[in-house]
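The structure file coords.cif is reproduced below (mmCIF, C-alpha atoms).
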data_upload
loop_
_atom_site.label_atom_id
_atom_site.label_comp_id
_atom_site.auth_asym_id
_atom_site.auth_seq_id
_atom_site.Cartn_x
_atom_site.Cartn_y
_atom_site.Cartn_z
CA MET V 18 -19.47 26.23 -9.13
CA ARG V 19 -19.21 24.10 -5.98
CA VAL V 20 -17.45 20.85 -6.87
CA ALA V 21 -17.17 17.79 -4.64
CA MET V 22 -14.32 15.47 -5.59
CA LEU V 23 -14.66 11.91 -4.29
CA SER V 24 -11.55 9.76 -4.00
CA CYS V 25 -10.90 6.68 -1.88
CA VAL V 26 -7.31 7.90 -1.34
CA TYR V 27 -5.42 11.20 -1.35
CA PRO V 28 -1.76 12.16 -1.01
CA PRO V 29 0.50 11.55 0.78
CA TYR V 30 -0.89 8.06 0.23
CA GLY V 31 0.94 6.80 -2.86
CA GLY V 32 -0.74 5.75 -6.07
CA GLY V 33 -2.12 7.34 -9.20
CA ILE V 34 -5.76 7.77 -8.15
CA GLY V 35 -5.01 10.11 -5.26
CA GLU V 36 -2.37 12.04 -7.20
CA VAL V 37 -4.68 12.58 -10.19
CA ALA V 38 -7.46 13.69 -7.82
CA ARG V 39 -5.04 16.19 -6.31
CA GLN V 40 -4.04 17.52 -9.75
CA TYR V 41 -7.65 17.88 -10.92
CA ALA V 42 -8.68 19.58 -7.67
CA ALA V 43 -5.79 22.05 -7.92
CA LEU V 44 -6.60 22.91 -11.55
CA LEU V 45 -10.33 23.31 -10.93
CA SER V 46 -9.78 25.48 -7.86
CA ALA V 47 -8.69 28.38 -10.09
CA GLU V 48 -12.34 28.88 -11.16
CA HIS V 49 -14.44 26.80 -8.75
CA GLN V 50 -14.91 26.00 -5.07
CA VAL V 51 -13.46 22.50 -4.76
CA THR V 52 -13.86 20.17 -1.78
CA VAL V 53 -12.11 16.79 -1.74
CA ILE V 54 -14.07 14.21 0.26
CA THR V 55 -11.94 11.21 1.17
CA PRO V 56 -11.93 8.61 3.96
CA ARG V 57 -9.89 9.02 7.12
CA TYR V 58 -9.22 5.33 7.60
CA TYR V 59 -7.55 5.71 11.00
CA PRO V 60 -7.19 8.45 13.66
CA GLY V 61 -4.32 10.82 13.00
CA MET V 62 -4.23 10.11 9.27
CA THR V 63 -2.84 13.18 7.46
CA PHE V 64 -3.57 14.65 4.03
CA ALA V 65 -1.46 16.81 1.76
CA ALA V 66 -2.49 20.47 1.76
CA THR V 67 -3.56 21.64 -1.70
CA PRO V 68 -3.73 25.45 -2.14
CA GLY V 69 -7.26 26.63 -2.90
CA VAL V 70 -8.77 23.21 -2.15
CA ALA V 71 -10.72 22.21 0.96
CA ILE V 72 -9.90 18.69 2.19
CA GLU V 73 -12.78 17.01 4.03
CA PRO V 74 -11.69 13.70 5.57
CA ARG V 75 -14.60 11.61 6.82
CA ARG V 76 -14.36 8.71 9.24
CA PRO V 77 -15.93 5.61 7.64
CA PHE V 78 -18.73 3.77 9.40
CA LEU V 79 -17.29 0.63 7.79
CA ALA V 80 -14.05 0.08 5.87
CA LEU V 81 -12.50 -2.90 4.11
CA GLY V 82 -9.20 -2.21 2.41
CA LYS V 83 -9.82 0.99 0.44
CA ALA V 84 -13.58 0.47 0.42
CA ALA V 85 -15.31 2.86 2.82
CA TRP V 86 -18.93 3.61 3.74
CA LEU V 87 -19.04 7.30 4.66
CA PRO V 88 -22.04 8.24 6.82
CA GLY V 89 -24.12 11.14 5.54
CA LEU V 90 -22.36 11.24 2.18
CA ARG V 91 -25.45 11.55 -0.03
CA HIS V 92 -26.87 14.33 2.15
CA ARG V 93 -23.52 16.18 2.07
CA LEU V 94 -23.26 15.94 -1.72
CA LYS V 95 -26.60 17.69 -2.16
CA GLU V 96 -24.85 20.92 -1.08
CA PHE V 97 -22.73 20.95 -4.27
CA ASP V 98 -23.38 21.70 -7.94
CA ALA V 99 -21.20 18.91 -9.35
CA VAL V 100 -19.64 15.67 -8.13
CA HIS V 101 -16.44 14.24 -9.62
CA LEU V 102 -15.97 10.57 -8.71
CA HIS V 103 -12.57 8.93 -9.07
CA TYR V 104 -13.61 5.36 -9.79
CA PRO V 105 -13.31 2.87 -8.14
CA PHE V 106 -14.48 4.04 -4.74
CA PHE V 107 -16.37 1.11 -3.21
CA GLY V 108 -18.82 2.19 -0.55
CA ALA V 109 -19.50 5.51 -2.28
CA GLN V 110 -20.07 4.73 -5.97
CA GLU V 111 -22.99 2.38 -5.23
CA ARG V 112 -25.05 5.30 -3.89
CA LEU V 113 -24.41 8.01 -6.49
CA HIS V 114 -27.05 7.01 -9.02
CA HIS V 115 -29.64 8.35 -6.55
CA LEU V 116 -28.20 11.91 -6.60
CA PRO V 117 -30.66 14.72 -7.50
CA ALA V 118 -30.94 15.38 -11.23
CA ARG V 119 -29.66 18.96 -10.86
CA LEU V 120 -26.26 17.64 -9.71
CA LYS V 121 -23.77 17.08 -12.52
CA LEU V 122 -21.88 13.80 -12.11
CA VAL V 123 -18.45 13.22 -13.68
CA LEU V 124 -16.76 9.83 -13.44
CA SER V 125 -13.03 9.30 -14.03
CA TYR V 126 -12.46 5.59 -14.72
CA HIS V 127 -9.02 4.77 -13.31
CA MET V 128 -8.93 0.98 -13.30
CA LEU V 129 -10.81 -2.31 -13.14
CA PRO V 130 -10.08 -3.60 -9.62
CA GLU V 131 -9.11 -7.23 -9.07
CA ALA V 132 -9.08 -9.35 -5.90
CA GLY V 133 -9.58 -12.92 -4.80
CA GLY V 134 -11.55 -14.61 -2.05
CA ALA V 135 -14.44 -13.01 -0.21
CA LYS V 136 -13.16 -9.49 -0.94
CA GLY V 137 -13.10 -10.21 -4.66
CA ALA V 138 -16.62 -11.66 -4.55
CA LEU V 139 -17.93 -8.53 -2.83
CA MET V 140 -16.20 -6.32 -5.39
CA ARG V 141 -17.64 -8.25 -8.34
CA TRP V 142 -21.13 -8.10 -6.83
CA SER V 143 -20.78 -4.34 -6.34
CA LEU V 144 -19.59 -3.80 -9.91
CA ARG V 145 -22.42 -5.87 -11.40
CA TRP V 146 -25.01 -4.04 -9.33
CA SER V 147 -23.75 -0.48 -9.63
CA ASP V 148 -21.70 0.02 -12.83
CA LYS V 149 -24.53 0.36 -15.36
CA ARG V 150 -26.65 2.49 -13.02
CA LEU V 151 -23.69 4.75 -12.32
CA ALA V 152 -22.87 5.18 -16.01
CA GLN V 153 -26.50 5.95 -16.88
CA ARG V 154 -26.62 8.62 -14.17
CA ALA V 155 -23.29 10.21 -15.10
CA ASN V 156 -23.20 13.30 -17.32
CA LEU V 157 -19.60 12.68 -18.38
CA LEU V 158 -17.31 9.63 -18.35
CA ILE V 159 -13.54 10.04 -18.57
CA CYS V 160 -10.71 7.64 -19.36
CA ALA V 161 -6.99 8.42 -19.73
CA THR V 162 -6.28 6.39 -22.89
CA ARG V 163 -8.24 5.40 -25.97
CA ASP V 164 -7.21 1.74 -25.88
CA TYR V 165 -8.18 1.18 -22.24
CA LEU V 166 -11.47 2.95 -22.93
CA GLU V 167 -12.26 0.70 -25.89
CA ALA V 168 -10.99 -2.55 -24.35
CA VAL V 169 -12.13 -2.26 -20.71
CA ALA V 170 -14.06 0.80 -19.57
CA GLN V 171 -16.74 1.23 -22.24
CA PRO V 172 -17.56 -2.50 -22.61
CA ARG V 173 -18.19 -2.64 -18.87
CA LEU V 174 -20.09 0.63 -18.37
CA GLY V 175 -21.62 1.21 -21.79
CA GLU V 176 -22.90 4.72 -22.62
CA PRO V 177 -20.61 5.24 -25.68
CA THR V 178 -21.68 8.87 -26.31
CA LYS V 179 -20.65 10.04 -22.82
CA TRP V 180 -16.98 9.02 -22.96
CA HIS V 181 -14.05 11.38 -23.43
CA VAL V 182 -10.32 10.64 -23.38
CA LEU V 183 -8.49 13.00 -21.01
CA PRO V 184 -4.78 12.07 -20.77
CA PHE V 185 -2.96 12.49 -17.49
CA GLY V 186 -0.17 14.99 -17.04
CA VAL V 187 2.79 15.40 -14.70
CA ASP V 188 4.15 18.25 -12.63
CA ALA V 189 6.70 20.44 -14.43
CA ARG V 190 9.31 19.35 -11.87
CA PHE V 191 9.49 16.03 -13.69
CA ALA V 192 12.07 16.96 -16.34
CA PRO V 193 15.60 15.83 -17.23
CA GLY V 194 18.20 16.74 -14.62
CA GLU V 195 21.57 15.84 -13.14
CA PRO V 196 21.83 13.03 -10.56
CA SER V 197 22.31 13.98 -6.93
CA GLU V 198 25.71 13.00 -5.54
CA VAL V 199 24.20 12.91 -2.05
CA LEU V 200 21.57 10.40 -3.19
CA GLU V 201 24.18 8.33 -5.05
CA HIS V 202 26.18 8.10 -1.82
CA GLN V 203 23.08 7.28 0.22
CA ILE V 204 22.15 4.41 -2.10
CA LYS V 205 25.83 3.33 -2.36
CA LEU V 206 25.67 3.36 -6.13
CA ARG V 207 29.08 2.43 -7.53
CA TYR V 208 30.70 4.21 -10.47
CA GLY V 209 29.49 2.77 -13.78
CA GLU V 210 26.72 0.73 -12.15
CA CYS V 211 23.39 0.65 -13.99
CA ALA V 212 20.62 1.94 -11.72
CA LEU V 213 17.22 0.31 -12.32
CA LEU V 214 14.26 2.12 -10.74
CA PHE V 215 10.86 0.91 -9.56
CA VAL V 216 8.28 3.33 -8.09
CA GLY V 217 5.06 2.06 -6.55
CA THR V 218 3.11 1.68 -3.32
CA LEU V 219 3.95 -1.58 -1.55
CA ASP V 220 0.61 -2.58 -0.08
CA PRO V 221 -2.00 -5.26 -0.90
CA ALA V 222 -4.08 -2.80 -2.96
CA HIS V 223 -1.09 -2.35 -5.28
CA ALA V 224 0.13 -5.94 -5.47
CA PHE V 225 -0.59 -5.76 -9.22
CA LYS V 226 2.43 -3.44 -9.60
CA GLY V 227 4.47 -6.62 -10.10
CA LEU V 228 7.48 -6.02 -7.87
CA GLY V 229 7.72 -9.75 -7.12
CA VAL V 230 8.05 -10.48 -10.84
CA LEU V 231 10.70 -7.76 -11.17
CA LEU V 232 12.77 -9.25 -8.34
CA GLN V 233 12.72 -12.63 -10.07
CA ALA V 234 13.63 -11.02 -13.40
CA VAL V 235 16.65 -9.04 -12.18
CA GLY V 236 17.91 -12.18 -10.44
CA LYS V 237 18.32 -13.70 -13.91
CA LEU V 238 20.43 -10.87 -15.33
CA ARG V 239 23.74 -12.25 -16.61
CA THR V 240 25.67 -9.13 -15.66
CA ALA V 241 26.33 -8.08 -12.06
CA ASN V 242 26.79 -4.42 -12.98
CA TRP V 243 23.37 -3.23 -11.81
CA ARG V 244 21.46 -2.08 -8.73
CA LEU V 245 17.68 -1.97 -8.30
CA VAL V 246 16.23 0.96 -6.36
CA VAL V 247 12.70 0.37 -5.04
CA VAL V 248 10.81 3.54 -4.10
CA GLY V 249 7.62 3.08 -2.13
CA GLY V 250 6.31 2.25 1.32
CA GLY V 251 3.48 0.11 2.59
CA LYS V 252 2.53 -3.04 4.49
CA LEU V 253 4.24 -5.35 1.97
CA LYS V 254 7.65 -3.66 2.11
CA GLN V 255 9.07 -6.21 4.57
CA HIS V 256 7.62 -9.04 2.49
CA TYR V 257 9.50 -7.84 -0.60
CA GLU V 258 12.67 -7.32 1.43
CA ARG V 259 12.47 -10.94 2.57
CA GLU V 260 11.86 -12.03 -1.02
CA ALA V 261 14.96 -10.14 -2.17
CA ARG V 262 17.03 -11.89 0.51
CA ARG V 263 15.58 -15.27 -0.45
CA LEU V 264 16.63 -14.68 -4.06
CA GLY V 265 20.13 -13.72 -2.95
CA LEU V 266 19.65 -10.06 -3.92
CA LYS V 267 20.12 -8.41 -0.53
CA ASP V 268 23.15 -6.40 -1.72
CA ARG V 269 21.65 -5.70 -5.13
CA VAL V 270 18.30 -4.13 -4.14
CA HIS V 271 17.95 -0.87 -2.22
CA PHE V 272 14.54 -0.25 -0.61
CA ALA V 273 14.23 3.52 -0.28
CA GLY V 274 10.82 3.44 1.42
CA TYR V 275 8.24 6.19 1.01
CA VAL V 276 9.49 9.22 -0.93
CA ALA V 277 7.51 12.48 -1.04
CA GLU V 278 6.36 13.68 -4.47
CA ALA V 279 8.72 16.67 -4.29
CA GLN V 280 11.75 14.36 -3.95
CA LEU V 281 10.74 11.84 -6.63
CA PRO V 282 12.51 13.67 -9.52
CA ASP V 283 15.85 13.11 -7.74
CA TYR V 284 15.34 9.34 -8.01
CA TYR V 285 14.39 9.53 -11.68
CA HIS V 286 17.52 11.62 -12.34
CA LEU V 287 19.62 9.00 -10.57
CA ALA V 288 18.35 6.06 -12.64
CA ASN V 289 19.46 4.72 -16.01
CA VAL V 290 16.33 2.67 -16.70
CA PHE V 291 12.80 2.75 -15.27
CA VAL V 292 10.95 -0.58 -14.95
CA PHE V 293 7.17 -0.84 -14.84
CA PRO V 294 6.27 -4.54 -14.36
CA SER V 295 2.53 -4.26 -13.64
CA LEU V 296 0.13 -7.18 -14.03
CA GLY V 297 -3.47 -7.44 -15.22
CA THR V 298 -6.36 -5.03 -15.66
CA GLY V 299 -5.66 -3.45 -12.26
CA GLU V 300 -3.11 -1.33 -14.12
CA ALA V 301 -4.77 1.06 -16.55
CA PHE V 302 -2.11 3.69 -17.16
CA GLY V 303 0.96 4.06 -14.94
CA LEU V 304 1.56 7.63 -13.78
CA ALA V 305 5.05 6.69 -12.57
CA ALA V 306 6.01 5.58 -16.08
CA LEU V 307 4.86 8.95 -17.41
CA GLN V 308 6.93 10.74 -14.78
CA ALA V 309 9.98 8.69 -15.78
CA MET V 310 9.47 9.52 -19.46
CA ALA V 311 9.14 13.22 -18.62
CA CYS V 312 12.54 12.95 -16.91
CA GLY V 313 14.04 11.46 -20.07
CA LEU V 314 14.35 7.87 -18.82
CA PRO V 315 13.95 4.81 -21.06
CA VAL V 316 11.07 2.72 -19.75
CA VAL V 317 10.69 -1.06 -19.77
CA ALA V 318 6.96 -1.68 -19.25
CA SER V 319 4.49 -4.55 -19.29
CA ARG V 320 2.52 -4.97 -22.50
CA LEU V 321 -0.85 -4.03 -21.04
CA THR V 322 -3.85 -2.19 -22.42
CA GLY V 323 -3.54 1.46 -21.35
CA VAL V 324 0.14 1.15 -20.44
#

What would you get if you wrote out this structure as structure tokens?
Amino acid sequence: MRVAMLSCVYPPYGGGIGEVARQYAALLSAEHQVTVITPRYYPGMTFAATPGVAIEPRRPFLALGKAAWLPGLRHRLKEFDAVHLHYPFFGAQERLHHLPARLKLVLSYHMLPEAGGAKGALMRWSLRWSDKRLAQRANLLICATRDYLEAVAQPRLGEPTKWHVLPFGVDARFAPGEPSEVLEHQIKLRYGECALLFVGTLDPAHAFKGLGVLLQAVGKLRTANWRLVVVGGGKLKQHYEREARRLGLKDRVHFAGYVAEAQLPDYYHLANVFVFPSLGTGEAFGLAALQAMACGLPVVASRLTGV
């Protein structure tokens, strides 16, 4: 079967949507011809090679944040037997209810996006216009957890008989292991110091990850025997670095920047506690928290539906 996988992002861009799309594409490629169609937001943008999977970056005619209008998308999709949409993908999802009936449509519901201002107004208009049509057209609707399905996804999209819960998984490399002395030295972690770990993309699309709240929280710890390691790159990295300095935490917080997926287990092995301070319905699961648990770390997480 020829499968087109639609995702607004793809590794090495950080975040759960792209990583889950990569995992699904890799698994399906054992029995099917899989093509990942994703926006190339700027010239020279690179994408992680996935064995057995064709990556088809397309330059958007128009892009706003991670919303992208890809020219010729509907015509291109007619060449496949099935389309797997990783929702939300603004600019693409509004057009999929017009796909030919022979095409199977699968929708993986990752999150309910949130934004303010004009961008938020456009998003809400798009969701009101397209969600019900999209769900009616879909042959299968997928959500990672039962509680997020019942509290958020199904009430918004309807179609109760089409939903299935398909939990996420993690790569087998995410398992308990010994900390790296080289990494300890690089981070300047002192003997006996408690290493707190945050993993998340530091850009406006992932502001809901709650790093600002975490910085305020660690600043109130009564003990000084800790160090926060922040893994993740993005446009807001300098903003959070300034915030850490403003809170007097310059020597307490280490910003590691972007870390490739293959090196992430080393950071989990280094940590004593993983912190997942996400905010609102923008967070539906938390793949990083699952990776931390697979590595044997205790996790302090926000009390959110799905998480």

Just give me the residues with any atom within 9 Å of (-23.6, 2.1, -16.8), file coordinates, counting all atoms listed in the file, written as a PyMOL selection string.
-> chain V and resi 147-155+171+173-176

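With distances taken over all atoms listed in the file, V:Ile72 is the one residue among V:Met128, V:Leu139, V:Ile72, V:Leu183 lying closest to Ala43 (chain V).
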
Using only C-alpha atoms, which of the listed residues (V:Gly274, V:Gly217, V:Pro105, V:Gly265) sits closest to Ile204 (chain V)?
-> V:Gly274

Would you give me, as JSON lines, each residue of region 187-247 of chain V having an atom within 10 Å of an atom of region 302-307 of chain V, along with its shortest atom pair and that distance in Å to one decimal, using all atoms listed in the file and sorting by chain and residue number?
{"residue": "V:Val187", "atom": "CA", "partner": "V:Leu307", "partner_atom": "CA", "distance": 7.3}
{"residue": "V:Phe191", "atom": "CA", "partner": "V:Leu307", "partner_atom": "CA", "distance": 9.2}
{"residue": "V:Phe215", "atom": "CA", "partner": "V:Ala305", "partner_atom": "CA", "distance": 8.7}
{"residue": "V:Val216", "atom": "CA", "partner": "V:Ala305", "partner_atom": "CA", "distance": 6.5}
{"residue": "V:Gly217", "atom": "CA", "partner": "V:Ala305", "partner_atom": "CA", "distance": 7.6}
{"residue": "V:Lys226", "atom": "CA", "partner": "V:Gly303", "partner_atom": "CA", "distance": 9.3}

For Ile34 (chain V), which of V:Phe293, V:Phe185, V:Tyr284, V:Tyr58 is the closest residue, counting only C-alpha atoms?
-> V:Phe185

Can you list, as a PyMOL selection string, the residues that the PyMOL selection byres ((chain V and resi 99) around 9) selects here?
-> chain V and resi 18-22+94+97-98+100-101+119-123

Just-selected residues, C-alpha atoms written as a PDB file, in the frame of the given file:
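The resulting file, selection_26.pdb, is shown below:
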ATOM      1  CA  MET V  18     -19.470  26.230  -9.130  1.00  0.00           C
ATOM      2  CA  ARG V  19     -19.210  24.100  -5.980  1.00  0.00           C
ATOM      3  CA  VAL V  20     -17.450  20.850  -6.870  1.00  0.00           C
ATOM      4  CA  ALA V  21     -17.170  17.790  -4.640  1.00  0.00           C
ATOM      5  CA  MET V  22     -14.320  15.470  -5.590  1.00  0.00           C
ATOM      6  CA  LEU V  94     -23.260  15.940  -1.720  1.00  0.00           C
ATOM      7  CA  PHE V  97     -22.730  20.950  -4.270  1.00  0.00           C
ATOM      8  CA  ASP V  98     -23.380  21.700  -7.940  1.00  0.00           C
ATOM      9  CA  VAL V 100     -19.640  15.670  -8.130  1.00  0.00           C
ATOM     10  CA  HIS V 101     -16.440  14.240  -9.620  1.00  0.00           C
ATOM     11  CA  ARG V 119     -29.660  18.960 -10.860  1.00  0.00           C
ATOM     12  CA  LEU V 120     -26.260  17.640  -9.710  1.00  0.00           C
ATOM     13  CA  LYS V 121     -23.770  17.080 -12.520  1.00  0.00           C
ATOM     14  CA  LEU V 122     -21.880  13.800 -12.110  1.00  0.00           C
ATOM     15  CA  VAL V 123     -18.450  13.220 -13.680  1.00  0.00           C
TER      16      VAL V 123
END

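CA of Leu45 (chain V) to CA of Pro117 (chain V) spans 22.3 Å [interatomic distance, one decimal].
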
Applied to the shown file, which residues does the PyMOL selection byres ((chain V and resi 77) around 6) return, written as JSON, numbers by chain?
-> {"V": [76, 78, 79, 85, 86, 87]}

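For the structure shown here, the set of residues caught by the PyMOL selection byres ((chain V and resi 68-71) around 10) is V:Ala21, V:Arg39, V:Ala42, V:Ala43, V:Leu44, V:Leu45, V:Ser46, V:Ala47, V:Glu48, V:His49, V:Gln50, V:Val51, V:Thr52, V:Val53, V:Ile54, V:Ala65, V:Ala66, V:Thr67, V:Ile72, V:Glu73, V:Pro74.
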
Pull C-alpha atoms from the residues just selected and write them as an mmCIF file, in the frame of the given file.
data_model
loop_
_atom_site.group_PDB
_atom_site.id
_atom_site.type_symbol
_atom_site.label_atom_id
_atom_site.label_comp_id
_atom_site.auth_asym_id
_atom_site.auth_seq_id
_atom_site.Cartn_x
_atom_site.Cartn_y
_atom_site.Cartn_z
ATOM 1 C CA ALA V 21 -17.170 17.790 -4.640
ATOM 2 C CA ARG V 39 -5.040 16.190 -6.310
ATOM 3 C CA ALA V 42 -8.680 19.580 -7.670
ATOM 4 C CA ALA V 43 -5.790 22.050 -7.920
ATOM 5 C CA LEU V 44 -6.600 22.910 -11.550
ATOM 6 C CA LEU V 45 -10.330 23.310 -10.930
ATOM 7 C CA SER V 46 -9.780 25.480 -7.860
ATOM 8 C CA ALA V 47 -8.690 28.380 -10.090
ATOM 9 C CA GLU V 48 -12.340 28.880 -11.160
ATOM 10 C CA HIS V 49 -14.440 26.800 -8.750
ATOM 11 C CA GLN V 50 -14.910 26.000 -5.070
ATOM 12 C CA VAL V 51 -13.460 22.500 -4.760
ATOM 13 C CA THR V 52 -13.860 20.170 -1.780
ATOM 14 C CA VAL V 53 -12.110 16.790 -1.740
ATOM 15 C CA ILE V 54 -14.070 14.210 0.260
ATOM 16 C CA ALA V 65 -1.460 16.810 1.760
ATOM 17 C CA ALA V 66 -2.490 20.470 1.760
ATOM 18 C CA THR V 67 -3.560 21.640 -1.700
ATOM 19 C CA ILE V 72 -9.900 18.690 2.190
ATOM 20 C CA GLU V 73 -12.780 17.010 4.030
ATOM 21 C CA PRO V 74 -11.690 13.700 5.570
#

Which polymer residues have any atom within 12 Å of an atom of Arg141 (chain V), counting only C-alpha atoms, with same-chain residues fewer than 4 positions away left out, as a PyMOL selection string?
-> chain V and resi 105+107+129-137+145-148+173

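The gap separating CA of Gly249 (chain V) from CA of Cys312 (chain V) is 18.4 Å, in Å to one decimal.
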
Give the answer as one residue: which of V:Val230, V:Arg244, V:Lys252, V:Ala277 has the shortest atom-to-atom distance to Leu296 (chain V), using all atoms listed in the file?
-> V:Val230

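Distances from V:Gly323, V:Gly250, V:Gly194, V:Gly229 to Gly32 (chain V) were compared using only C-alpha atoms, and the smallest one belongs to V:Gly250.
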
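The closest residue to Ala189 (chain V), picked from V:Ala311, V:His92, V:Pro56, V:Gln40 and counting all atoms listed in the file, is V:Ala311.
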
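Across the structure, CA of Asp268 (chain V) and CA of Asn289 (chain V) are spaced 18.5 Å apart.
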
Residues near Arg269 (chain V), cut-off 9 Å, all atoms listed in the file, skip fewer than 3 positions along chain, as a PyMOL selection string | chain V and resi 241+243-246+261+265-266

Contact residues around Leu228 (chain V) with only C-alpha atoms at 12 Å, ignoring same-chain residues under 6 positions, as a short mmCIF file (atom, residue, chain, number, x, y, z; two decimals) with C-alpha atoms, in the frame of the given file:
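What follows is the written file around-v2.cif:
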data_model
loop_
_atom_site.label_atom_id
_atom_site.label_comp_id
_atom_site.auth_asym_id
_atom_site.auth_seq_id
_atom_site.Cartn_x
_atom_site.Cartn_y
_atom_site.Cartn_z
CA LEU V 214 14.26 2.12 -10.74
CA PHE V 215 10.86 0.91 -9.56
CA VAL V 216 8.28 3.33 -8.09
CA GLY V 217 5.06 2.06 -6.55
CA THR V 218 3.11 1.68 -3.32
CA LEU V 219 3.95 -1.58 -1.55
CA ASP V 220 0.61 -2.58 -0.08
CA PRO V 221 -2.00 -5.26 -0.90
CA ALA V 234 13.63 -11.02 -13.40
CA VAL V 235 16.65 -9.04 -12.18
CA LEU V 245 17.68 -1.97 -8.30
CA VAL V 246 16.23 0.96 -6.36
CA VAL V 247 12.70 0.37 -5.04
CA VAL V 248 10.81 3.54 -4.10
CA GLY V 249 7.62 3.08 -2.13
CA LEU V 253 4.24 -5.35 1.97
CA LYS V 254 7.65 -3.66 2.11
CA HIS V 256 7.62 -9.04 2.49
CA TYR V 257 9.50 -7.84 -0.60
CA GLU V 258 12.67 -7.32 1.43
CA GLU V 260 11.86 -12.03 -1.02
CA ALA V 261 14.96 -10.14 -2.17
CA VAL V 270 18.30 -4.13 -4.14
CA PHE V 272 14.54 -0.25 -0.61
CA VAL V 292 10.95 -0.58 -14.95
CA PHE V 293 7.17 -0.84 -14.84
CA PRO V 294 6.27 -4.54 -14.36
CA SER V 295 2.53 -4.26 -13.64
CA LEU V 296 0.13 -7.18 -14.03
CA SER V 319 4.49 -4.55 -19.29
#

From the coordinates I just gave you, please extract region 124-174 of chain V so that only C-alpha atoms remain, then output it as a PDB file, in the first residue's frame.
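So the final result, stored in decode.pdb, reads:
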ATOM      1  CA  LEU V 124      -5.986  11.031  11.713  1.00  0.00           C
ATOM      2  CA  SER V 125      -3.686  10.992  14.755  1.00  0.00           C
ATOM      3  CA  TYR V 126      -4.917  13.642  17.205  1.00  0.00           C
ATOM      4  CA  HIS V 127      -1.814  14.975  18.963  1.00  0.00           C
ATOM      5  CA  MET V 128      -3.041  18.111  20.709  1.00  0.00           C
ATOM      6  CA  LEU V 129      -5.497  20.995  20.842  1.00  0.00           C
ATOM      7  CA  PRO V 130      -3.419  24.008  19.754  1.00  0.00           C
ATOM      8  CA  GLU V 131      -3.624  27.278  21.674  1.00  0.00           C
ATOM      9  CA  ALA V 132      -2.547  30.804  20.700  1.00  0.00           C
ATOM     10  CA  GLY V 133      -3.530  34.394  21.300  1.00  0.00           C
ATOM     11  CA  GLY V 134      -4.054  37.420  19.090  1.00  0.00           C
ATOM     12  CA  ALA V 135      -4.654  37.244  15.358  1.00  0.00           C
ATOM     13  CA  LYS V 136      -2.891  33.877  15.069  1.00  0.00           C
ATOM     14  CA  GLY V 137      -5.180  32.379  17.695  1.00  0.00           C
ATOM     15  CA  ALA V 138      -8.266  33.791  15.969  1.00  0.00           C
ATOM     16  CA  LEU V 139      -7.218  32.215  12.670  1.00  0.00           C
ATOM     17  CA  MET V 140      -6.591  28.881  14.379  1.00  0.00           C
ATOM     18  CA  ARG V 141      -9.992  28.884  16.090  1.00  0.00           C
ATOM     19  CA  TRP V 142     -11.719  29.747  12.816  1.00  0.00           C
ATOM     20  CA  SER V 143      -9.897  26.904  11.071  1.00  0.00           C
ATOM     21  CA  LEU V 144     -10.816  24.400  13.784  1.00  0.00           C
ATOM     22  CA  ARG V 145     -14.495  25.393  13.763  1.00  0.00           C
ATOM     23  CA  TRP V 146     -14.656  25.148   9.986  1.00  0.00           C
ATOM     24  CA  SER V 147     -12.660  21.978   9.409  1.00  0.00           C
ATOM     25  CA  ASP V 148     -12.735  19.691  12.481  1.00  0.00           C
ATOM     26  CA  LYS V 149     -16.172  18.111  12.015  1.00  0.00           C
ATOM     27  CA  ARG V 150     -15.726  17.747   8.251  1.00  0.00           C
ATOM     28  CA  LEU V 151     -12.334  16.145   8.755  1.00  0.00           C
ATOM     29  CA  ALA V 152     -13.630  13.685  11.346  1.00  0.00           C
ATOM     30  CA  GLN V 153     -16.592  12.719   9.156  1.00  0.00           C
ATOM     31  CA  ARG V 154     -14.246  12.031   6.237  1.00  0.00           C
ATOM     32  CA  ALA V 155     -11.719  10.052   8.275  1.00  0.00           C
ATOM     33  CA  ASN V 156     -11.834   6.254   8.305  1.00  0.00           C
ATOM     34  CA  LEU V 157      -9.921   6.023  11.590  1.00  0.00           C
ATOM     35  CA  LEU V 158      -9.224   8.470  14.433  1.00  0.00           C
ATOM     36  CA  ILE V 159      -6.359   7.848  16.856  1.00  0.00           C
ATOM     37  CA  CYS V 160      -5.499   9.273  20.263  1.00  0.00           C
ATOM     38  CA  ALA V 161      -2.631   8.275  22.578  1.00  0.00           C
ATOM     39  CA  THR V 162      -4.561   8.150  25.876  1.00  0.00           C
ATOM     40  CA  ARG V 163      -8.104   7.321  26.911  1.00  0.00           C
ATOM     41  CA  ASP V 164      -8.527  10.356  29.164  1.00  0.00           C
ATOM     42  CA  TYR V 165      -7.415  12.898  26.552  1.00  0.00           C
ATOM     43  CA  LEU V 166      -9.675  11.181  24.028  1.00  0.00           C
ATOM     44  CA  GLU V 167     -12.703  11.420  26.320  1.00  0.00           C
ATOM     45  CA  ALA V 168     -11.989  14.919  27.667  1.00  0.00           C
ATOM     46  CA  VAL V 169     -10.713  16.764  24.574  1.00  0.00           C
ATOM     47  CA  ALA V 170     -10.484  14.947  21.245  1.00  0.00           C
ATOM     48  CA  GLN V 171     -13.858  13.203  20.923  1.00  0.00           C
ATOM     49  CA  PRO V 172     -15.953  16.115  22.279  1.00  0.00           C
ATOM     50  CA  ARG V 173     -14.384  18.362  19.644  1.00  0.00           C
ATOM     51  CA  LEU V 174     -14.416  16.014  16.642  1.00  0.00           C
TER      52      LEU V 174
END
